[in-house]
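Inspection log for the structure reproduced underneath, given as C-alpha cells.
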2 protein chains.
Amino acid sequence: MTGLVTIVGLGPGDPRLLTPAASEALASATDLVGYGPYVDRAPEWPGQRRHSSDNRVELDRARFALDLATKGAHVAVISGGDPGVFAMAAAVFEAVENGDPSWRSLDIRVEPGITAMLAAAARVGAPLGGDFCAMSLSDNLKPWETIEARLRAALTADFVVALYNPISSARPWQLGAAFKIVAETREPDTPIILARAVMRPDERIRILPLSEVEASMADMSTIVMIGASTTRLIERPEGQAPYVYTPRYYGVRP
Amino acid sequence: MTGLVTIVGLGPGDPRLLTPAASEALASATDLVGYGPYVDRAPEWPGQRRHSSDNRVELDRARFALDLATKGAHVAVISGGDPGVFAMAAAVFEAVENGDPSWRSLDIRVEPGITAMLAAAARVGAPLGGDFCAMSLSDNLKPWETIEARLRAALTADFVVALYNPISSARPWQLGAAFKIVAETREPDTPIILARAVMRPDERIRILPLSEVEASMADMSTIVMIGASTTRLIERPEGQAPYVYTPRYYGVRP
C-alpha cells in the first residue's frame, strides 16, 4: 500500500459541521494521529489504530504521521477547525521541509474545515462581512513586536480582526495588551465578540462594547473578534440578542 | 408557522464539502432564494419553491427572502462558500437594518461553509499557516483608495493576503493595479496562488512567482493569494507539484 497523509479539519466540534469529505478521510484511514480530545471526536472503526498525544507537540506528531505513511499507512492527522488556519497543516509541511527527503514524495492532502472565526461569525450575524484579518496572538513562535505591528496595521486600515489563541495560562498578559492597542484606534462602543466553544455544549458567546471588555473574559477555547469602525449592532425586540454585522459597503451607503 | 431565514453556505461547490447542517437547512426549507447557479446546486425536494435570481441584486434578494419569512415561510438564502465572507449574510443584515421594523424580530440563522480561501489553501498546502487578511478587490461598494490603503497595510505588516472578487469584465484594471502594489513590498519570487473553481470539475490552480503573474490569468471565479515574505515552496520529485506553505513561526526557526 502506498502511504498517504490527510490532514483533516473537524470544524468547531459539532458533527453537523464536519464535511462528508472529512468524514470519509477519517473512515478510510488506517491510523489516526492527533491531540487526544480531537482523536476522541472521530468515530471508531474496526482495525483502525489511534495515536493520541498532548497539545504542545505539533512537530513531533507531524513527524510521527509522516513516518507511518512512509511505511504504507493511510494516516489521518486530526485538526480542530480548518487544518490550514492556526492548526496542524503548517506543522506537517514544516516537518516535510526540514525532515527526511523521502517525505517530499508522499501524497499529503488537506481536508478543509469550518474554522472558528466562521462558526463564531455565523452565530452572531455577519461581523466578517467586510475585509478582515486573522492572526494568532501567541508569541510562542513569533516575536510579540511582530504581533503588535500586525495588529496596529490591521486596526489602522480598519479591518475587522479575528484573534486566535488569545490567552492561556502560559500567556496571561497578551490579550490585555492587545485590547489596549485596540483602544488607541477604535471607539469605546466598537463591538467585540468573545466566542467560546462555538457550537459545542459549553458554548458561550458574548458581545460587548470595547469599553467593557476584559481579557479575563476569554480563555484558550475563545476566539475574539474586534469590529471595524463600520461594524454595528442591530437591536432587536426585548429578550432577543442583537445581530452584529459589518456592511459590505464602506463610506456612503449605496 | 413562524417564519425563518437561514443563510446557507454551499462551500466551493463539491457536495462533499457541504456540511450536514447546511444540507439539513436546504432540505427543511419551504423556499430557496439565491443566485441561479447556486439554487441549481441544491437537491430538489417535493413542494419546495425555488426562486432564482441574477447575481447583481443581493439586497433585492435579501428583502424578498425576509418578506417571505414574515408570511411564515422557512426560507433558505443560498450562498456560495461561507455566507459571512463576501457573500449573502451581510446583504441580509443590511436589509434588516434598513428595512421593515418587523424583520428585526425574525429568526435569522447563518449556516457556515468552506470559504474559497480555505479550499484553495487546502489544495496547495498550507499558505494561510501564518497570519492573513482577506479582502474583496471589488470597488463597487467601497472606494478604491480604501482598498489600496488596506492592501498596503496588510503587505507592509507581512500578512498573507487573500483577494476575493479579483477581476470581472466591469472591473478589468484593479487586479493589475494590486499586483503593482504587491511588487513594491514583496520579492519577485514571492509565491502567488491563482485558484479557479476550486474542487469543481473545471478547477485550475496555478502557483507562480510574483514576477510572472498577470492579471489576465484570473477571472471572476478565481481567488488570488499573495504569499508573505516567509511563504515558500517545498520542491518535490519530478512530475509532482510543489507544496506551498507559510510557517507558523516568524523570524528564527525554533
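Letters for chains follow the order of the C-alpha cells (A, B, ...), residue numbers begin at 1 for each chain, and ligand numbers begin at 1 in the order shown.
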(message) Using only C-alpha atoms, which protein or nucleic acid residues come within 10 Å of A:Val5? Drop anything in the same chain fewer than 4 positions from it, and give the result as a PyMOL selection string.
(response) chain A and resi 25+29+31-32+62+65-70+72-77+92+106-110
Put those residues in a file: N, CA and C atoms, as an mmCIF file, in the first residue's frame.
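Output file again07.cif is given in full below:
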```cif
data_model
loop_
_atom_site.group_PDB
_atom_site.id
_atom_site.type_symbol
_atom_site.label_atom_id
_atom_site.label_comp_id
_atom_site.auth_asym_id
_atom_site.auth_seq_id
_atom_site.Cartn_x
_atom_site.Cartn_y
_atom_site.Cartn_z
ATOM 1 N N ALA A 25 -12.436 10.747 4.996
ATOM 2 C CA ALA A 25 -10.994 10.644 5.258
ATOM 3 C C ALA A 25 -10.739 9.978 6.611
ATOM 4 N N ALA A 29 -8.969 5.945 6.977
ATOM 5 C CA ALA A 29 -7.589 5.947 7.488
ATOM 6 C C ALA A 29 -7.279 4.660 8.235
ATOM 7 N N ASP A 31 -4.701 4.836 10.364
ATOM 8 C CA ASP A 31 -4.153 5.390 11.604
ATOM 9 C C ASP A 31 -4.671 6.816 11.798
ATOM 10 N N LEU A 32 -5.110 7.109 13.014
ATOM 11 C CA LEU A 32 -5.479 8.478 13.370
ATOM 12 C C LEU A 32 -4.408 9.040 14.294
ATOM 13 N N ALA A 62 3.551 15.523 13.735
ATOM 14 C CA ALA A 62 3.645 15.563 12.274
ATOM 15 C C ALA A 62 4.674 14.551 11.783
ATOM 16 N N ALA A 65 3.416 11.023 12.022
ATOM 17 C CA ALA A 65 2.449 10.717 10.956
ATOM 18 C C ALA A 65 3.168 10.460 9.633
ATOM 19 N N LEU A 66 4.151 11.301 9.312
ATOM 20 C CA LEU A 66 4.887 11.153 8.046
ATOM 21 C C LEU A 66 5.642 9.833 8.033
ATOM 22 N N ASP A 67 6.199 9.478 9.175
ATOM 23 C CA ASP A 67 6.947 8.233 9.271
ATOM 24 C C ASP A 67 6.030 7.025 9.077
ATOM 25 N N LEU A 68 4.857 7.064 9.690
ATOM 26 C CA LEU A 68 3.882 5.974 9.484
ATOM 27 C C LEU A 68 3.529 5.847 8.005
ATOM 28 N N ALA A 69 3.353 7.000 7.328
ATOM 29 C CA ALA A 69 2.952 6.964 5.911
ATOM 30 C C ALA A 69 4.055 6.378 5.034
ATOM 31 N N THR A 70 5.317 6.641 5.371
ATOM 32 C CA THR A 70 6.401 6.055 4.564
ATOM 33 C C THR A 70 6.397 4.527 4.683
ATOM 34 N N GLY A 72 3.649 2.918 4.623
ATOM 35 C CA GLY A 72 2.467 2.456 3.892
ATOM 36 C C GLY A 72 1.136 2.776 4.529
ATOM 37 N N ALA A 73 1.145 3.389 5.705
ATOM 38 C CA ALA A 73 -0.127 3.688 6.381
ATOM 39 C C ALA A 73 -0.894 4.801 5.663
ATOM 40 N N HIS A 74 -2.209 4.768 5.807
ATOM 41 C CA HIS A 74 -3.050 5.893 5.408
ATOM 42 C C HIS A 74 -3.396 6.650 6.687
ATOM 43 N N VAL A 75 -2.692 7.736 6.912
ATOM 44 C CA VAL A 75 -2.773 8.431 8.195
ATOM 45 C C VAL A 75 -3.702 9.627 8.086
ATOM 46 N N ALA A 76 -4.638 9.752 9.006
ATOM 47 C CA ALA A 76 -5.402 10.992 9.143
ATOM 48 C C ALA A 76 -4.834 11.756 10.333
ATOM 49 N N VAL A 77 -4.282 12.938 10.050
ATOM 50 C CA VAL A 77 -3.832 13.835 11.121
ATOM 51 C C VAL A 77 -5.024 14.724 11.456
ATOM 52 N N VAL A 92 2.773 20.102 9.627
ATOM 53 C CA VAL A 92 3.146 18.953 8.791
ATOM 54 C C VAL A 92 4.104 19.407 7.679
ATOM 55 N N LEU A 106 5.756 11.860 -0.618
ATOM 56 C CA LEU A 106 4.484 11.368 -0.074
ATOM 57 C C LEU A 106 3.312 12.178 -0.623
ATOM 58 N N ASP A 107 2.162 11.518 -0.719
ATOM 59 C CA ASP A 107 0.916 12.197 -1.065
ATOM 60 C C ASP A 107 0.353 12.793 0.234
ATOM 61 N N ILE A 108 0.335 14.109 0.311
ATOM 62 C CA ILE A 108 -0.153 14.794 1.517
ATOM 63 C C ILE A 108 -1.340 15.649 1.109
ATOM 64 N N ARG A 109 -2.483 15.393 1.730
ATOM 65 C CA ARG A 109 -3.703 16.125 1.375
ATOM 66 C C ARG A 109 -4.242 16.868 2.580
ATOM 67 N N VAL A 110 -4.985 17.911 2.303
ATOM 68 C CA VAL A 110 -5.629 18.670 3.376
ATOM 69 C C VAL A 110 -7.133 18.660 3.117
#
```
Residues near stretch 229-232 of chain A, anyone? I mean within 12 Å using only C-alpha atoms, not counting same-chain ones fewer than 2 positions away, as a ChimeraX atom specification. /A:124-132,154-161,182-183,185-193,207-210,225-227,234-235,242-253 /B:90,93-94,97
Selection from above, C-alpha atoms, as a short mmCIF file (atom, residue, chain, number, x, y, z; two decimals), in the first residue's frame, can you write it?
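Saved file selection_28.cif follows:
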```cif
data_model
loop_
_atom_site.label_atom_id
_atom_site.label_comp_id
_atom_site.auth_asym_id
_atom_site.auth_seq_id
_atom_site.Cartn_x
_atom_site.Cartn_y
_atom_site.Cartn_z
CA VAL A 124 -23.91 36.36 15.87
CA GLY A 125 -24.71 37.68 12.37
CA ALA A 126 -22.13 38.74 9.80
CA PRO A 127 -19.28 40.52 11.58
CA LEU A 128 -16.81 39.39 8.87
CA GLY A 129 -18.96 40.97 6.15
CA GLY A 130 -16.22 43.44 5.21
CA ASP A 131 -12.46 42.96 4.86
CA PHE A 132 -10.84 41.16 7.78
CA ALA A 154 -4.88 45.87 10.66
CA LEU A 155 -6.63 48.30 13.01
CA THR A 156 -5.34 51.42 11.25
CA ALA A 157 -6.52 50.11 7.88
CA ASP A 158 -9.92 49.40 9.51
CA PHE A 159 -10.05 45.66 9.03
CA VAL A 160 -12.18 43.51 11.31
CA VAL A 161 -9.65 41.45 13.30
CA VAL A 182 -7.32 48.40 20.04
CA ALA A 183 -8.48 51.26 22.28
CA THR A 185 -7.71 53.31 17.23
CA ARG A 186 -11.28 52.14 17.87
CA GLU A 187 -14.19 53.92 19.57
CA PRO A 188 -15.28 52.69 23.04
CA ASP A 189 -18.56 51.36 21.60
CA THR A 190 -16.85 49.14 18.99
CA PRO A 191 -18.45 45.68 19.18
CA ILE A 192 -16.14 42.96 20.50
CA ILE A 193 -17.23 39.34 20.17
CA ILE A 207 -20.98 40.70 22.52
CA LEU A 208 -19.62 43.70 24.41
CA PRO A 209 -18.52 47.24 23.67
CA LEU A 210 -14.74 47.68 23.71
CA MET A 225 -13.33 39.32 17.08
CA ILE A 226 -12.78 43.07 17.01
CA GLY A 227 -15.18 45.11 14.92
CA ILE A 234 -28.95 45.65 15.01
CA GLU A 235 -31.06 45.98 18.12
CA PRO A 242 -28.79 41.83 18.79
CA TYR A 243 -27.34 40.86 15.43
CA VAL A 244 -23.78 42.07 14.74
CA TYR A 245 -22.68 42.78 11.21
CA THR A 246 -20.17 44.65 9.10
CA PRO A 247 -21.71 46.12 5.94
CA ARG A 248 -20.16 45.28 2.57
CA TYR A 249 -20.06 48.94 1.64
CA TYR A 250 -17.58 51.43 3.07
CA GLY A 251 -18.27 55.15 3.19
CA VAL A 252 -21.63 56.22 1.82
CA ARG A 253 -24.40 53.62 1.77
CA ALA B 90 -24.03 40.88 5.20
CA PHE B 93 -28.40 42.08 7.69
CA GLU B 94 -28.08 45.31 5.71
CA GLU B 97 -31.15 47.21 9.45
#
```
| task | Check the DSSP output for the backbone and give back, as a PyMOL selection string, the residues of stretch 2-160 of chain A in strand (DSSP E or B). | result | chain A and resi 4-9+11+31-35+49-53+74-79+81+107-111+125-126+132-136+160
File dump, residues just selected, C-alpha atoms, as a PDB file, in the first residue's frame:
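Output below, filename selection-v2.pdb:
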```
ATOM      1  CA  LEU A   4      -0.902   8.801   2.448  1.00  0.00           C
ATOM      2  CA  VAL A   5      -1.232  11.631   4.962  1.00  0.00           C
ATOM      3  CA  THR A   6      -4.540  13.511   5.080  1.00  0.00           C
ATOM      4  CA  ILE A   7      -4.757  16.446   7.460  1.00  0.00           C
ATOM      5  CA  VAL A   8      -8.413  16.542   8.397  1.00  0.00           C
ATOM      6  CA  GLY A   9     -10.343  19.548   9.713  1.00  0.00           C
ATOM      7  CA  GLY A  11     -14.577  22.094  12.293  1.00  0.00           C
ATOM      8  CA  ASP A  31      -4.153   5.390  11.604  1.00  0.00           C
ATOM      9  CA  LEU A  32      -5.479   8.478  13.370  1.00  0.00           C
ATOM     10  CA  VAL A  33      -2.925  10.894  14.811  1.00  0.00           C
ATOM     11  CA  GLY A  34      -3.795  13.957  16.845  1.00  0.00           C
ATOM     12  CA  TYR A  35      -4.341  15.808  20.064  1.00  0.00           C
ATOM     13  CA  ARG A  49      -5.117   2.489  15.106  1.00  0.00           C
ATOM     14  CA  ARG A  50      -5.462   5.638  17.235  1.00  0.00           C
ATOM     15  CA  HIS A  51      -2.442   7.668  18.365  1.00  0.00           C
ATOM     16  CA  SER A  52      -3.359  10.440  20.793  1.00  0.00           C
ATOM     17  CA  SER A  53      -0.863  12.992  22.033  1.00  0.00           C
ATOM     18  CA  HIS A  74      -3.050   5.893   5.408  1.00  0.00           C
ATOM     19  CA  VAL A  75      -2.773   8.431   8.195  1.00  0.00           C
ATOM     20  CA  ALA A  76      -5.402  10.992   9.143  1.00  0.00           C
ATOM     21  CA  VAL A  77      -3.832  13.835  11.121  1.00  0.00           C
ATOM     22  CA  ILE A  78      -6.751  15.271  13.046  1.00  0.00           C
ATOM     23  CA  SER A  79      -7.026  19.010  13.467  1.00  0.00           C
ATOM     24  CA  GLY A  81     -11.364  23.821  12.821  1.00  0.00           C
ATOM     25  CA  ASP A 107       0.916  12.197  -1.065  1.00  0.00           C
ATOM     26  CA  ILE A 108      -0.153  14.794   1.517  1.00  0.00           C
ATOM     27  CA  ARG A 109      -3.703  16.125   1.375  1.00  0.00           C
ATOM     28  CA  VAL A 110      -5.629  18.670   3.376  1.00  0.00           C
ATOM     29  CA  GLU A 111      -9.368  18.343   4.015  1.00  0.00           C
ATOM     30  CA  GLY A 125     -24.710  37.684  12.374  1.00  0.00           C
ATOM     31  CA  ALA A 126     -22.126  38.739   9.800  1.00  0.00           C
ATOM     32  CA  PHE A 132     -10.836  41.155   7.779  1.00  0.00           C
ATOM     33  CA  CYS A 133      -7.578  39.793   9.180  1.00  0.00           C
ATOM     34  CA  ALA A 134      -6.974  36.648  11.185  1.00  0.00           C
ATOM     35  CA  MET A 135      -3.993  36.473  13.480  1.00  0.00           C
ATOM     36  CA  SER A 136      -2.695  34.307  16.264  1.00  0.00           C
ATOM     37  CA  VAL A 160     -12.182  43.507  11.311  1.00  0.00           C
TER      38      VAL A 160
END
```
Contacts of B:Ile205 within 7 Å, only C-alpha atoms, excl. fewer than 3 positions in-chain, as a short mmCIF file (atom, residue, chain, number, x, y, z; two decimals) with N, CA and C atoms, in the first residue's frame:
```
data_model
loop_
_atom_site.label_atom_id
_atom_site.label_comp_id
_atom_site.auth_asym_id
_atom_site.auth_seq_id
_atom_site.Cartn_x
_atom_site.Cartn_y
_atom_site.Cartn_z
N LEU B 194 -3.15 31.30 -7.83
CA LEU B 194 -4.37 31.65 -8.56
C LEU B 194 -5.21 30.38 -8.58
N ALA B 195 -6.30 30.38 -7.86
CA ALA B 195 -7.10 29.15 -7.72
C ALA B 195 -8.48 29.42 -8.27
N ARG B 196 -8.80 28.73 -9.35
CA ARG B 196 -10.07 28.96 -10.04
C ARG B 196 -10.98 27.75 -9.87
#
```
Please identify which residues in stretch 52-115 of chain B DSSP calls helix (DSSP H, G or I) from the backbone, and express them as a PyMOL selection string.
chain B and resi 58-70+88-98+101-105
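Coordinates place atom CA of A:Trp45 at a distance of 9.1 Å from atom CA of A:Thr30.
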Correct to one decimal, the distance atom CA of A:Leu151-atom CA of A:Ala215 is 16.1 Å
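Of the residues under consideration (B:Phe64, B:Phe86, B:Tyr164, B:Trp103), B:Phe86 shows the shortest atom-to-atom contact distance to chain A when counting only C-alpha atoms.
Distances here use only C-alpha atoms; by that measure, the residue among B:Asp202, B:Asp40, B:Glu212, B:Glu148 closest to chain A is B:Glu148.
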